[in-house]
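So this block is start-v1.cif, mmCIF, C-alpha atoms:
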data_structure
loop_
_atom_site.label_atom_id
_atom_site.label_comp_id
_atom_site.auth_asym_id
_atom_site.auth_seq_id
_atom_site.Cartn_x
_atom_site.Cartn_y
_atom_site.Cartn_z
CA MET A 235 40.40 34.06 -9.94
CA ASP A 236 44.12 34.13 -10.32
CA THR A 237 46.94 35.03 -7.98
CA LEU A 238 50.16 36.67 -9.11
CA ARG A 239 51.80 33.27 -9.34
CA GLY A 240 51.78 31.96 -12.89
CA HIS A 241 49.49 34.68 -14.24
CA ASP A 242 50.12 35.90 -17.78
CA VAL A 243 49.69 39.62 -17.23
CA ALA A 244 50.73 40.52 -20.75
CA ASN A 245 47.71 38.69 -22.13
CA ASP A 246 45.24 39.77 -19.46
CA GLN A 247 45.96 43.28 -18.24
CA ASP A 248 42.34 44.24 -17.74
CA ASP A 249 41.31 41.16 -15.73
CA PHE A 250 44.14 40.83 -13.22
CA ASP A 251 42.27 39.60 -10.16
CA TYR A 252 43.24 38.19 -6.81
CA ALA A 253 41.54 35.62 -4.65
CA ALA A 254 40.86 37.25 -1.32
CA ASP A 255 42.58 34.50 0.64
CA ALA A 256 45.16 33.48 -1.95
CA ALA A 257 48.86 33.62 -1.10
CA ILE A 258 51.90 33.81 -3.34
CA GLU A 259 54.59 31.19 -2.96
CA THR A 260 57.97 31.55 -4.66
CA PRO A 261 57.52 35.02 -6.15
CA PRO A 262 58.27 35.63 -9.81
CA VAL A 263 58.59 39.16 -11.11
CA VAL A 264 55.67 40.00 -13.41
CA VAL A 265 57.49 40.84 -16.62
CA SER A 266 55.24 43.09 -18.64
CA ASP A 267 54.38 46.74 -19.10
CA GLU A 268 51.87 46.40 -16.26
CA ARG A 269 50.38 49.74 -15.31
CA ARG A 270 48.38 48.54 -12.34
CA MET A 271 49.66 49.88 -9.07
CA HIS A 272 49.35 46.67 -7.05
CA VAL A 273 51.41 44.74 -9.60
CA ARG A 274 54.12 47.40 -9.64
CA ALA A 275 54.16 47.24 -5.84
CA TYR A 276 54.46 43.43 -5.95
CA ASN A 277 57.35 43.63 -8.43
CA TYR A 278 59.07 46.09 -6.09
CA TRP A 279 58.62 43.67 -3.16
CA ALA A 280 59.92 40.72 -5.20
CA SER A 281 62.97 42.71 -6.34
CA MET A 282 63.97 43.27 -2.70
CA LEU A 283 64.03 39.58 -1.77
CA GLY A 284 67.46 38.65 -3.15
CA GLU A 285 68.55 35.49 -1.33
CA ARG A 286 66.41 36.20 1.73
CA THR A 287 63.22 34.50 2.80
CA LEU A 288 61.58 37.88 3.41
CA PRO A 289 62.59 41.39 2.32
CA SER A 290 64.34 43.42 5.00
CA ILE A 291 62.38 46.28 6.53
CA GLU A 292 65.65 48.25 6.57
CA ASP A 293 65.47 48.48 2.76
CA LEU A 294 61.94 49.92 2.70
CA ASN A 295 61.52 53.71 2.53
CA PRO A 296 57.86 54.42 1.65
CA ASP A 297 58.36 58.18 1.61
CA GLU A 298 60.80 57.77 -1.30
CA LEU A 299 58.36 55.69 -3.40
CA GLU A 300 56.68 58.41 -5.42
CA ASP A 301 54.83 55.84 -7.55
CA PHE A 302 52.75 54.16 -4.84
CA GLY A 303 54.08 55.54 -1.54
CA PRO A 304 51.19 58.04 -1.20
CA ASN A 305 48.76 55.10 -1.54
CA SER A 306 50.42 52.94 1.10
CA VAL A 307 50.51 52.11 4.80
CA LEU A 308 53.20 50.37 6.88
CA LEU A 309 52.16 48.32 9.92
CA ASP A 310 54.55 47.40 12.75
CA PHE A 311 53.80 44.11 14.56
CA SER A 312 56.94 44.09 16.73
CA ALA A 313 54.88 44.95 19.82
CA GLY A 314 52.17 42.38 19.04
CA ILE A 315 49.64 41.48 16.36
CA ASP A 316 46.48 42.41 18.24
CA ASN A 317 46.80 46.15 17.60
CA PRO A 318 49.79 46.81 15.28
CA ALA A 319 51.25 50.28 15.06
CA ILE A 320 50.88 52.44 11.95
CA VAL A 321 54.38 53.76 11.31
CA TYR A 322 53.69 55.23 7.85
CA LEU A 323 50.54 56.48 6.15
CA GLY A 324 50.69 57.88 2.62
CA THR A 325 49.26 61.32 1.91
CA ALA A 326 46.72 60.17 -0.71
CA LEU A 327 45.38 57.42 1.55
CA ARG A 328 45.23 59.81 4.51
CA HIS A 329 43.27 62.34 2.41
CA GLU A 330 40.82 59.73 1.08
CA CYS A 331 40.12 58.49 4.61
CA GLU A 332 39.73 62.07 5.88
CA ILE A 333 42.31 61.47 8.61
CA GLU A 334 43.62 64.58 10.31
CA GLY A 335 46.22 64.66 13.01
CA SER A 336 48.00 61.68 14.51
CA ILE A 337 46.99 58.07 13.94
CA THR A 338 49.23 55.51 15.61
CA HIS A 339 47.52 52.12 15.73
CA ILE A 340 45.01 49.94 13.87
CA ASN A 341 42.40 50.63 16.53
CA ASP A 342 42.58 54.32 15.56
CA VAL A 343 41.49 53.64 11.95
CA PRO A 344 38.10 55.27 11.22
CA ALA A 345 35.28 52.84 10.59
CA ARG A 346 34.08 52.44 6.98
CA SER A 347 37.20 54.17 5.69
CA LEU A 348 39.27 52.75 2.85
CA LEU A 349 42.12 52.14 5.28
CA SER A 350 39.87 49.89 7.37
CA ARG A 351 39.29 47.72 4.29
CA LEU A 352 43.02 47.27 3.73
CA THR A 353 43.85 46.46 7.32
CA ASP A 354 41.05 43.88 7.52
CA HIS A 355 43.36 41.49 5.65
CA TYR A 356 46.57 41.84 7.63
CA LEU A 357 46.16 38.64 9.66
CA GLN A 358 46.19 36.64 6.41
CA ILE A 359 49.80 37.77 5.93
CA ILE A 360 50.80 36.28 9.29
CA ALA A 361 49.10 33.01 8.42
CA ASN A 362 50.45 32.64 4.88
CA ALA A 363 53.85 34.40 5.12
CA ALA A 364 53.35 35.70 1.58
CA PRO A 365 51.79 38.70 -0.19
CA ILE A 366 48.00 38.82 -0.19
CA GLY A 367 46.05 40.54 -2.96
CA PHE A 368 42.41 41.58 -2.74
CA GLU A 369 39.77 43.64 -4.51
CA ALA A 370 36.18 44.57 -3.74
CA GLU A 371 33.79 47.50 -3.48
CA PHE A 372 32.12 49.17 -0.55
CA VAL A 373 30.33 52.34 0.54
CA ASN A 374 32.69 54.64 2.40
CA GLN A 375 32.17 57.09 5.25
CA ARG A 376 30.89 59.74 2.79
CA GLY A 377 28.27 57.39 1.36
CA SER A 378 30.19 57.03 -1.94
CA GLU A 379 30.60 53.68 -3.66
CA ILE A 380 34.31 52.85 -3.94
CA LEU A 381 36.01 50.20 -6.06
CA TYR A 382 39.40 49.24 -4.68
CA ARG A 383 42.27 46.84 -5.36
CA GLY A 384 45.21 46.32 -3.02
CA ILE A 385 48.07 44.13 -1.90
CA LEU A 386 49.70 43.48 1.48
CA MET A 387 53.36 42.40 1.56
CA PRO A 388 55.37 40.97 4.49
CA PHE A 389 58.69 42.41 5.68
CA SER A 390 61.05 41.22 8.39
CA SER A 391 63.74 42.66 10.63
CA ASP A 392 65.54 39.33 11.02
CA ASP A 393 64.65 37.36 7.83
CA ASP A 394 62.51 35.05 9.94
CA THR A 395 59.73 36.90 11.78
CA ILE A 396 57.05 38.83 9.91
CA ASP A 397 57.04 41.94 12.07
CA PHE A 398 56.07 44.49 9.40
CA VAL A 399 53.40 44.51 6.69
CA TYR A 400 53.40 47.04 3.85
CA GLY A 401 50.09 47.64 2.09
CA VAL A 402 49.38 49.43 -1.19
CA ILE A 403 45.83 50.19 -2.33
CA ASN A 404 44.33 51.95 -5.32
CA TRP A 405 40.72 53.03 -5.69
CA LYS A 406 38.17 54.94 -7.71
CA GLU A 407 34.78 56.35 -6.90
CA VAL A 408 31.83 54.98 -8.86
CA ALA A 409 29.46 57.51 -10.36
CA SER A 410 25.92 57.43 -9.01
CA HIS A 411 23.36 55.44 -11.00
CA ASP A 412 21.38 58.59 -11.83
CA LEU A 413 24.47 60.32 -13.22
CA THR A 414 25.49 57.21 -15.15
CA ASP A 415 22.04 56.87 -16.74
CA ALA A 416 22.08 60.55 -17.73
CA LEU A 417 25.52 60.24 -19.33
CA VAL A 418 24.50 57.13 -21.26
CA SER A 419 21.43 58.91 -22.60
CA GLN A 420 23.48 61.92 -23.69
CA VAL A 421 26.06 59.75 -25.47
CA GLU A 422 23.37 57.74 -27.28
CA GLU A 423 21.66 60.94 -28.41
CA ALA A 424 24.96 62.37 -29.66
CA LEU A 425 25.71 59.20 -31.64
CA ARG A 426 22.28 59.25 -33.27
CA SER A 427 22.60 62.87 -34.35
CA ALA A 428 26.28 62.75 -35.47
CA PRO A 429 27.08 62.32 -39.20
CA ALA A 430 28.35 58.88 -40.20
CA ARG A 431 32.14 58.58 -40.43
CA ARG A 432 34.22 55.77 -41.85
CA ASN A 433 37.80 54.54 -41.57
CA VAL A 434 38.36 56.10 -38.16
CA ALA A 435 40.91 54.10 -36.16
CA PRO A 436 40.34 53.92 -32.40
CA VAL A 437 42.71 55.80 -30.11
CA TRP A 438 44.11 53.58 -27.37
CA ALA A 439 45.06 55.15 -24.06
CA ASP A 440 47.39 52.28 -23.20
CA GLY A 441 48.00 51.05 -26.77
CA PRO A 442 47.45 47.29 -26.82
CA VAL A 443 50.42 45.72 -28.56
CA GLY A 444 49.60 43.67 -31.64
CA SER A 445 46.09 45.04 -31.99
CA GLY A 446 46.22 44.73 -35.77
CA ILE A 447 45.89 48.48 -36.29
CA ASP A 448 48.35 50.05 -38.69
CA THR A 449 49.67 53.09 -36.85
CA ASP A 450 52.12 54.08 -39.61
CA LEU A 451 54.84 54.58 -37.01
CA PRO A 452 58.44 54.41 -38.27
CA GLU A 453 60.43 51.36 -37.21
CA LEU A 454 63.16 51.93 -34.69
CA ASP A 455 66.74 51.27 -35.62
CA ASP A 456 67.84 48.09 -33.86
CA GLU A 457 71.42 49.34 -33.58
CA PRO A 458 72.09 51.09 -30.28
CA LEU A 459 73.74 54.48 -30.25
CA ASP A 460 77.51 54.22 -30.16
CA LEU A 461 78.92 56.55 -27.54
CA SER A 462 82.22 54.73 -27.10
CA GLY A 463 84.13 57.47 -28.88
CA MET A 464 82.61 60.35 -26.93
CA GLU A 465 84.93 62.27 -24.69
CA SER A 466 83.98 63.63 -21.30
CA PRO A 467 83.53 67.39 -21.08
CA SER A 468 86.52 69.47 -20.07
CA SER A 469 87.08 70.27 -16.41
CA ASP A 470 85.74 73.80 -16.86
CA ALA A 471 82.68 72.75 -18.89
CA PRO A 472 79.26 73.78 -17.55
CA LEU A 473 77.32 71.22 -15.53
CA ALA A 474 74.70 71.08 -18.29
CA ASP A 475 77.28 69.39 -20.57
CA TRP A 476 77.81 66.61 -18.02
CA LEU A 477 74.06 66.12 -17.70
CA ALA A 478 73.65 66.03 -21.49
CA LEU A 479 76.30 63.31 -21.79
CA ALA A 480 74.69 61.29 -18.99
CA ARG A 481 71.25 61.55 -20.61
CA ASP A 482 72.69 60.44 -23.95
CA GLY A 483 74.06 57.42 -22.14
CA ALA A 484 70.65 56.73 -20.59
CA ASP A 485 69.05 56.94 -24.05
CA GLU A 486 71.55 54.42 -25.38
CA ALA A 487 70.83 52.08 -22.48
CA ARG A 488 67.09 52.26 -23.23
CA ARG A 489 67.72 51.46 -26.88
CA ALA A 490 70.00 48.56 -26.01
CA ASP A 491 67.47 47.41 -23.37
CA SER A 492 68.46 44.18 -21.59
CA ARG A 493 70.69 43.05 -24.46
CA SER A 494 73.68 45.06 -23.28
CA HIS A 495 74.91 45.41 -19.74
CA THR A 496 77.77 47.44 -21.14
CA ALA A 497 75.45 50.21 -22.32
CA LEU A 498 73.66 50.31 -18.98
CA TYR A 499 76.86 50.37 -16.94
CA ARG A 500 78.26 53.10 -19.13
CA ALA A 501 75.09 55.15 -18.55
CA ILE A 502 75.35 54.66 -14.78
CA GLY A 503 79.00 55.63 -15.03
CA PHE A 504 78.09 58.86 -16.84
CA ALA A 505 75.54 59.54 -14.07
CA HIS A 506 78.32 59.16 -11.50
CA ASP A 507 80.51 61.56 -13.47
CA PHE A 508 77.63 64.04 -13.44
CA ALA A 509 77.30 63.55 -9.67
CA ILE A 510 80.99 64.37 -9.21
CA ALA A 511 80.67 67.46 -11.42
CA SER A 512 77.58 68.64 -9.50
CA ILE A 513 79.66 68.89 -6.31
CA GLU A 514 81.73 71.58 -8.01
CA SER A 515 78.62 73.42 -9.25
CA PRO A 516 76.09 73.21 -6.40
CA GLN A 517 74.08 76.24 -7.50
CA ASP A 518 73.65 74.94 -11.07
CA TYR A 519 72.66 71.57 -9.65
CA GLU A 520 70.02 73.11 -7.39
CA GLU A 521 68.59 75.03 -10.36
CA MET A 522 68.40 71.81 -12.42
CA LEU A 523 66.51 70.08 -9.63
CA ALA A 524 64.13 73.02 -9.27
CA ASP A 525 63.47 73.15 -13.02
CA ALA A 526 62.73 69.41 -13.06
CA GLY A 527 60.57 69.57 -9.92
CA ILE A 528 62.80 67.04 -8.14
CA LYS A 529 63.32 67.29 -4.38
CA VAL A 530 66.59 66.69 -2.57
CA GLN A 531 66.46 63.57 -0.37
CA ALA A 532 68.75 63.66 2.63
CA ARG A 533 68.53 59.90 3.15
CA SER A 534 69.26 59.15 -0.51
CA PRO A 535 71.32 61.98 -2.04
CA MET A 536 71.96 60.08 -5.28
CA THR A 537 68.28 59.52 -6.09
CA PRO A 538 67.85 63.06 -7.55
CA ILE A 539 70.95 62.45 -9.70
CA VAL A 540 69.53 59.31 -11.32
CA LYS A 541 66.12 60.97 -11.73
CA LEU A 542 67.71 63.85 -13.63
CA VAL A 543 69.61 61.43 -15.84
CA PHE A 544 67.10 58.63 -16.44
CA GLY A 545 63.89 60.58 -15.82
CA ALA A 546 61.68 60.96 -12.76
CA THR A 547 59.11 58.55 -14.24
CA TYR A 548 61.67 55.81 -14.87
CA ASP A 549 61.10 52.47 -13.14
CA LYS A 550 61.40 53.17 -9.39
CA THR A 551 63.12 49.89 -8.57
CA ARG A 552 65.81 50.53 -11.19
CA LEU A 553 66.28 54.10 -9.99
CA THR A 554 66.85 52.81 -6.46
CA GLU A 555 69.44 50.30 -7.71
CA TYR A 556 71.29 52.92 -9.75
CA ALA A 557 71.31 55.31 -6.80
CA THR A 558 72.76 52.53 -4.63
CA ALA A 559 75.52 51.99 -7.20
CA LEU A 560 76.32 55.72 -7.12
CA ASP A 561 76.36 55.69 -3.30
CA HIS A 562 78.82 52.81 -3.45
CA ALA A 563 81.00 54.64 -5.97
CA GLN A 564 81.08 57.74 -3.79
CA ALA A 565 81.87 55.76 -0.63
CA SER A 566 84.64 53.89 -2.47
CA GLY A 567 86.19 57.09 -3.80
CA LEU A 568 85.81 56.14 -7.47
CA GLY A 569 86.82 58.96 -9.78
CA LEU A 570 85.59 60.17 -13.16
CA GLY A 571 85.04 57.40 -15.67
CA ALA A 572 85.72 54.61 -13.17
CA LEU A 573 82.25 53.32 -12.24
CA ALA A 574 81.39 51.67 -15.58
CA ASP A 575 84.48 49.46 -15.50
CA HIS A 576 83.89 48.75 -11.82
CA LEU A 577 80.37 47.46 -12.57
CA ASN A 578 81.55 45.41 -15.54
CA ASN A 579 84.21 43.74 -13.40
CA TYR A 580 82.06 43.27 -10.27
CA PRO A 581 81.13 39.55 -9.89
CA GLY A 582 77.41 39.36 -10.61
CA GLY A 583 77.19 42.94 -11.89
CA ILE A 584 74.96 45.65 -10.46
CA LYS A 585 72.45 43.20 -8.93
CA ALA A 586 75.17 41.62 -6.82
CA LEU A 587 76.64 45.01 -5.93
CA VAL A 588 73.27 46.30 -4.70
CA ARG A 589 72.73 43.10 -2.70
CA ASP A 590 76.16 43.42 -1.05
CA VAL A 591 75.72 47.12 -0.27
CA ARG A 592 72.37 46.48 1.39
CA ALA A 593 73.85 43.61 3.38
CA GLU A 594 76.65 45.89 4.61
CA ARG A 595 74.12 48.54 5.64
CA ARG A 596 72.11 46.02 7.62
CA ALA A 597 75.27 44.74 9.34
CA GLU A 598 76.26 48.26 10.36
CA LYS A 599 72.92 48.99 12.01
CA PRO A 600 72.37 47.95 15.63
CA ALA A 601 70.46 44.73 15.97
CA ARG A 602 66.77 45.16 16.66
CA PRO A 603 65.53 43.51 19.86
CA ASP A 604 63.88 40.19 19.24
CA SER A 605 60.14 40.85 19.47
CA ARG A 606 59.33 37.38 20.77
CA THR A 607 61.90 37.55 23.53
CA SER A 608 60.74 41.06 24.51
CA ALA A 609 57.09 39.97 24.60
CA ARG A 610 57.88 36.98 26.81
CA ALA A 611 59.98 39.10 29.17
CA THR A 612 57.11 41.57 29.49
CA LEU A 613 54.60 38.87 30.38
CA LYS A 614 57.00 37.15 32.79
CA ALA A 615 57.23 40.39 34.74
CA ALA A 616 53.59 41.44 34.35
CA GLN A 617 51.36 41.84 37.38
CA ALA A 618 48.70 39.17 37.72
CA LEU A 619 45.14 40.14 36.77
CA GLU A 620 42.07 39.52 38.84
CA PRO A 621 39.73 37.08 37.06
CA GLN A 622 36.90 39.59 37.48
CA ALA A 623 38.88 42.13 35.44
CA VAL A 624 38.98 39.90 32.35
CA THR A 625 36.27 40.80 29.84
CA THR A 626 34.46 38.08 27.93
CA ASP A 627 32.54 38.01 24.67
CA THR A 628 28.79 37.50 24.31
CA ASP A 629 29.28 33.75 24.81
CA GLY A 630 31.19 34.29 28.03
CA LEU A 631 34.51 33.26 26.45
CA ALA A 632 37.88 34.97 26.85
CA VAL A 633 41.38 34.30 25.48
CA VAL A 634 43.97 34.80 28.20
CA VAL A 635 47.69 34.26 28.79
CA ALA A 636 48.54 32.47 32.02
CA ARG A 637 51.85 32.20 33.87
CA ARG A 638 52.96 29.35 36.12
CA GLU A 639 54.01 30.76 39.48
CA ALA A 640 56.68 29.38 41.84
CA ASP A 641 54.04 27.75 44.03
CA GLY A 642 52.60 25.88 41.04
CA SER A 643 49.51 28.05 40.67
CA LEU A 644 48.49 29.78 37.43
CA SER A 645 48.08 33.55 37.18
CA ILE A 646 46.32 35.43 34.39
CA VAL A 647 48.77 38.06 33.11
CA ALA A 648 47.10 39.23 29.89
CA ALA A 649 43.84 38.91 27.94
CA LEU A 650 42.86 39.58 24.35
CA SER A 651 39.95 41.79 23.46
CA GLY A 652 36.78 39.85 22.76
CA THR A 653 36.43 41.69 19.42
CA SER A 654 39.94 40.82 18.24
CA PRO A 655 40.05 38.65 15.06
CA LEU A 656 42.88 36.76 16.74
CA SER A 657 40.54 35.74 19.55
CA ASP A 658 38.26 33.95 17.09
CA ARG A 659 41.22 32.07 15.62
CA VAL A 660 42.47 30.98 19.05
CA VAL A 661 39.01 29.86 20.08
CA ALA A 662 38.68 27.86 16.85
CA GLN A 663 42.02 26.13 17.45
CA ALA A 664 41.23 25.45 21.10
CA ALA A 665 37.88 23.90 20.14
CA LYS A 666 39.71 21.32 18.01
CA GLN A 667 41.58 20.13 21.10
CA ALA A 668 38.63 20.19 23.45
#

What does this structure look like when you write it as structure tokens?
Amino acid sequence: MDTLRGHDVANDQDDFDYAADAAIETPPVVVSDERRMHVRAYNYWASMLGERTLPSIEDLNPDELEDFGPNSVLLDFSAGIDNPAIVYLGTALRHECEIEGSITHINDVPARSLLSRLTDHYLQIIANAAPIGFEAEFVNQRGSEILYRGILMPFSSDDDTIDFVYGVINWKEVASHDLTDALVSQVEEALRSAPARRNVAPVWADGPVGSGIDTDLPELDDEPLDLSGMESPSSDAPLADWLALARDGADEARRADSRSHTALYRAIGFAHDFAIASIESPQDYEEMLADAGIKVQARSPMTPIVKLVFGATYDKTRLTEYATALDHAQASGLGLGALADHLNNYPGGIKALVRDVRAERRAEKPARPDSRTSARATLKAAQALEPQAVTTDTDGLAVVVARREADGSLSIVAALSGTSPLSDRVVAQAAKQA
């Protein structure tokens, strides 16, 4: 099987597999029209790295990731890896696992649920310090056979410690064998009784490029639309005119693709102009959002703007970057028509601007307490345990933490559960030194 590293997704979209214990080293972005959720999630993770060793947890907002956020879970290891906290659980994953009410830690995960399959792999992240992909099938708590594919990705609060893991998982329920056999029989019978037809081209749901089928589609004009001579609407023009101009700019940027930063920056500039105009027409703006089915996001007010302009189904990573550029423009007090030139003149362009804005946000936030220091302080002050209170496994073994006291004696201050996967790893390491 292949990992994400070095895999040619464009030539193998239907057989993109992971080794269960494989890790990804220096992460490339998978450049293809990959529709699989775990690959889109990996590309999102890789895009957040920048110059860091690990993506910052401050940049992750699962509730804003409409593409795979509902299929995700965020684990917090800052209080320890034995029973990490669940700080986010997507709605689709919660529904599939039939979880109602509060669920706060890994130990609360229902047995034989899909979530339990995802969290089984989290210790591999700690060991490899890289994303881990996996796929398998199992029978869930309802007795249904489930095929699933997922990925776990590390995040850090200090660019050094892996204290958060973000998991994304997709699944489908397999039809029962009796139902499958019945469907096959019905299809075969229909084919036998249907009149013969010739010259019928297959219809592709995902349209494999270069399939050799003549689709008789007109060729696109390679020349991008020229909007350089367009004038901005007048000051009293309706908000719809500003949105129309911004969408024309987005269309030009799509046509120009990656060949023209100028077209993209102009489109983002038009989006900023629309954002400024929407402040003067709040009611019209609210109606546009309602018509498009887009929700206002208090934590990211510019995200609805870029969704209206570029489309709600546009690449989520790009939408986040464009929204960051608009946030920067608003904070800097840039006026109408100023953002495009600002992006063109910014050293490194929009990628560098987004990196710098995120760095400023992290610097402005209070420093998170160092989890290692906090854990050590807790154990230094912990009350000693009686040896009889320490539980052992079936072999009579226990993994404990001891503290050297002032008189030279050792006190047991903590013990791991005998069923903890970490206990097995510690025992294995200790056996090598015995």

Exercise. Neighbours of Gly503 (chain A) within 7 Å (only C-alpha atoms; same-chain residues fewer than 2 positions away dropped), as a list in words?
Worked result: Tyr499, Arg500, Ala501, Ala505, His506, Asp507, Gly571, Leu573 and Ala574 of chain A

Those same residues, written as a PDB file, keeping the file's coordinate frame with C-alpha atoms?
ATOM      1  CA  TYR A 499      76.860  50.370 -16.940  1.00  0.00           C
ATOM      2  CA  ARG A 500      78.260  53.100 -19.130  1.00  0.00           C
ATOM      3  CA  ALA A 501      75.090  55.150 -18.550  1.00  0.00           C
ATOM      4  CA  ALA A 505      75.540  59.540 -14.070  1.00  0.00           C
ATOM      5  CA  HIS A 506      78.320  59.160 -11.500  1.00  0.00           C
ATOM      6  CA  ASP A 507      80.510  61.560 -13.470  1.00  0.00           C
ATOM      7  CA  GLY A 571      85.040  57.400 -15.670  1.00  0.00           C
ATOM      8  CA  LEU A 573      82.250  53.320 -12.240  1.00  0.00           C
ATOM      9  CA  ALA A 574      81.390  51.670 -15.580  1.00  0.00           C
TER      10      ALA A 574
END

Problem set entry | Within 12 Å of file point (71.4, 70.8, -7.5), counting all atoms listed in the file, expressed as a PyMOL selection string | chain A and resi 473-474+477+508-531+535-539+541-542

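In this structure, CA of Thr628 (chain A) sits 29.2 Å away from CA of Arg610 (chain A).
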
Exercise. Can you list what the PyMOL selection byres ((chain A and resi 405-407) around 12) grabs from this structure, as JSON, numbers by chain?
Worked result: {"A": [270, 271, 272, 305, 306, 326, 327, 330, 331, 347, 348, 349, 351, 352, 368, 369, 370, 371, 372, 373, 374, 376, 377, 378, 379, 380, 381, 382, 383, 384, 402, 403, 404, 408, 409, 410]}

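The gap separating CA of Asn362 (chain A) from CA of Val634 (chain A) is 24.3 Å, in Å to one decimal.
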
Problem set entry | Using only C-alpha atoms: which of A:Ala662, A:Ala319, A:Ala572, A:Leu587 has the shortest distance to Ala557 (chain A) | A:Leu587

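Interatomic distance, CA of Asp397 (chain A) to CA of Ser312 (chain A): 5.1 Å.
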
Which polymer residues have any atom within 9 Å of an atom of Pro296 (chain A), counting all atoms listed in the file, with same-chain residues fewer than 5 positions away left out, as a CSV table (one decimal) with C-alpha atoms, keeping the file's coordinate frame?
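As written to disk, around_24.csv reads:
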chain,number,residue,atom,x,y,z
A,302,PHE,CA,52.8,54.2,-4.8
A,303,GLY,CA,54.1,55.5,-1.5
A,304,PRO,CA,51.2,58.0,-1.2
A,306,SER,CA,50.4,52.9,1.1
A,307,VAL,CA,50.5,52.1,4.8
A,308,LEU,CA,53.2,50.4,6.9
A,322,TYR,CA,53.7,55.2,7.8
A,323,LEU,CA,50.5,56.5,6.2
A,324,GLY,CA,50.7,57.9,2.6
A,400,TYR,CA,53.4,47.0,3.8

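Put simply, the PyMOL selection byres ((chain A and resi 483) around 10) in this file takes in Leu459, Asp460, Leu461, Ser462, Leu477, Ala478, Leu479, Ala480, Arg481, Asp482, Ala484, Asp485, Glu486, Ala487, Arg488, Arg489, Ala497, Leu498, Tyr499, Arg500, Ala501, Ile502, Gly503, Phe504, Ala505, Val543 and Phe544 of chain A.
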
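With all atoms listed in the file as the atoms that count, the residue of A:Gly314, A:Pro344, A:Gly569, A:Gly284 with the shortest distance to Thr395 (chain A) is A:Gly314.
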
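Here the question is which of A:Ala559, A:Leu309, A:Ile385, A:Ile320 gets nearest to Tyr580 (chain A) using all atoms listed in the file, and that residue is A:Ala559.
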
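Considering the residues A:Ala586, A:Leu386, A:Leu613, A:Ala471 and counting all atoms listed in the file, Ala275 (chain A) has its shortest atom-to-atom contact with A:Leu386.
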
So for region 555-565 of chain A, what box centre and size do we get, axis-aligned, 6 Å extra on each of the six sides, every listed atom, Å to one decimal, as JSON?
{"center_x": 75.7, "center_y": 54.0, "center_z": -5.2, "size_x": 24.4, "size_y": 19.4, "size_z": 21.1}

Exercise. Could you pull the residues within 12 Å of Asp310 (chain A), counting only C-alpha atoms, minus those fewer than 6 positions along the same chain, as a PyMOL selection string?
Worked result: chain A and resi 291+316-323+338-340+356+388-391+395-401+605

Residues as selected, C-alpha atoms, written as a short mmCIF file (atom, residue, chain, number, x, y, z; two decimals), in the coordinates of the input, can you do that?
data_model
loop_
_atom_site.label_atom_id
_atom_site.label_comp_id
_atom_site.auth_asym_id
_atom_site.auth_seq_id
_atom_site.Cartn_x
_atom_site.Cartn_y
_atom_site.Cartn_z
CA ILE A 291 62.38 46.28 6.53
CA ASP A 316 46.48 42.41 18.24
CA ASN A 317 46.80 46.15 17.60
CA PRO A 318 49.79 46.81 15.28
CA ALA A 319 51.25 50.28 15.06
CA ILE A 320 50.88 52.44 11.95
CA VAL A 321 54.38 53.76 11.31
CA TYR A 322 53.69 55.23 7.85
CA LEU A 323 50.54 56.48 6.15
CA THR A 338 49.23 55.51 15.61
CA HIS A 339 47.52 52.12 15.73
CA ILE A 340 45.01 49.94 13.87
CA TYR A 356 46.57 41.84 7.63
CA PRO A 388 55.37 40.97 4.49
CA PHE A 389 58.69 42.41 5.68
CA SER A 390 61.05 41.22 8.39
CA SER A 391 63.74 42.66 10.63
CA THR A 395 59.73 36.90 11.78
CA ILE A 396 57.05 38.83 9.91
CA ASP A 397 57.04 41.94 12.07
CA PHE A 398 56.07 44.49 9.40
CA VAL A 399 53.40 44.51 6.69
CA TYR A 400 53.40 47.04 3.85
CA GLY A 401 50.09 47.64 2.09
CA SER A 605 60.14 40.85 19.47
#

Using the chain letters and residue numbers of this document, give as a CSV table (one decimal) with C-alpha atoms, in the coordinates of the input the residues selected by the PyMOL selection byres ((chain A and resi 592) around 12).
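Result written to out.csv:
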chain,number,residue,atom,x,y,z
A,282,MET,CA,64.0,43.3,-2.7
A,283,LEU,CA,64.0,39.6,-1.8
A,284,GLY,CA,67.5,38.6,-3.2
A,285,GLU,CA,68.6,35.5,-1.3
A,286,ARG,CA,66.4,36.2,1.7
A,289,PRO,CA,62.6,41.4,2.3
A,290,SER,CA,64.3,43.4,5.0
A,291,ILE,CA,62.4,46.3,6.5
A,292,GLU,CA,65.6,48.2,6.6
A,293,ASP,CA,65.5,48.5,2.8
A,294,LEU,CA,61.9,49.9,2.7
A,554,THR,CA,66.8,52.8,-6.5
A,555,GLU,CA,69.4,50.3,-7.7
A,558,THR,CA,72.8,52.5,-4.6
A,559,ALA,CA,75.5,52.0,-7.2
A,561,ASP,CA,76.4,55.7,-3.3
A,562,HIS,CA,78.8,52.8,-3.4
A,585,LYS,CA,72.4,43.2,-8.9
A,586,ALA,CA,75.2,41.6,-6.8
A,587,LEU,CA,76.6,45.0,-5.9
A,588,VAL,CA,73.3,46.3,-4.7
A,589,ARG,CA,72.7,43.1,-2.7
A,590,ASP,CA,76.2,43.4,-1.0
A,591,VAL,CA,75.7,47.1,-0.3
A,593,ALA,CA,73.8,43.6,3.4
A,594,GLU,CA,76.6,45.9,4.6
A,595,ARG,CA,74.1,48.5,5.6
A,596,ARG,CA,72.1,46.0,7.6
A,597,ALA,CA,75.3,44.7,9.3
A,598,GLU,CA,76.3,48.3,10.4
A,599,LYS,CA,72.9,49.0,12.0
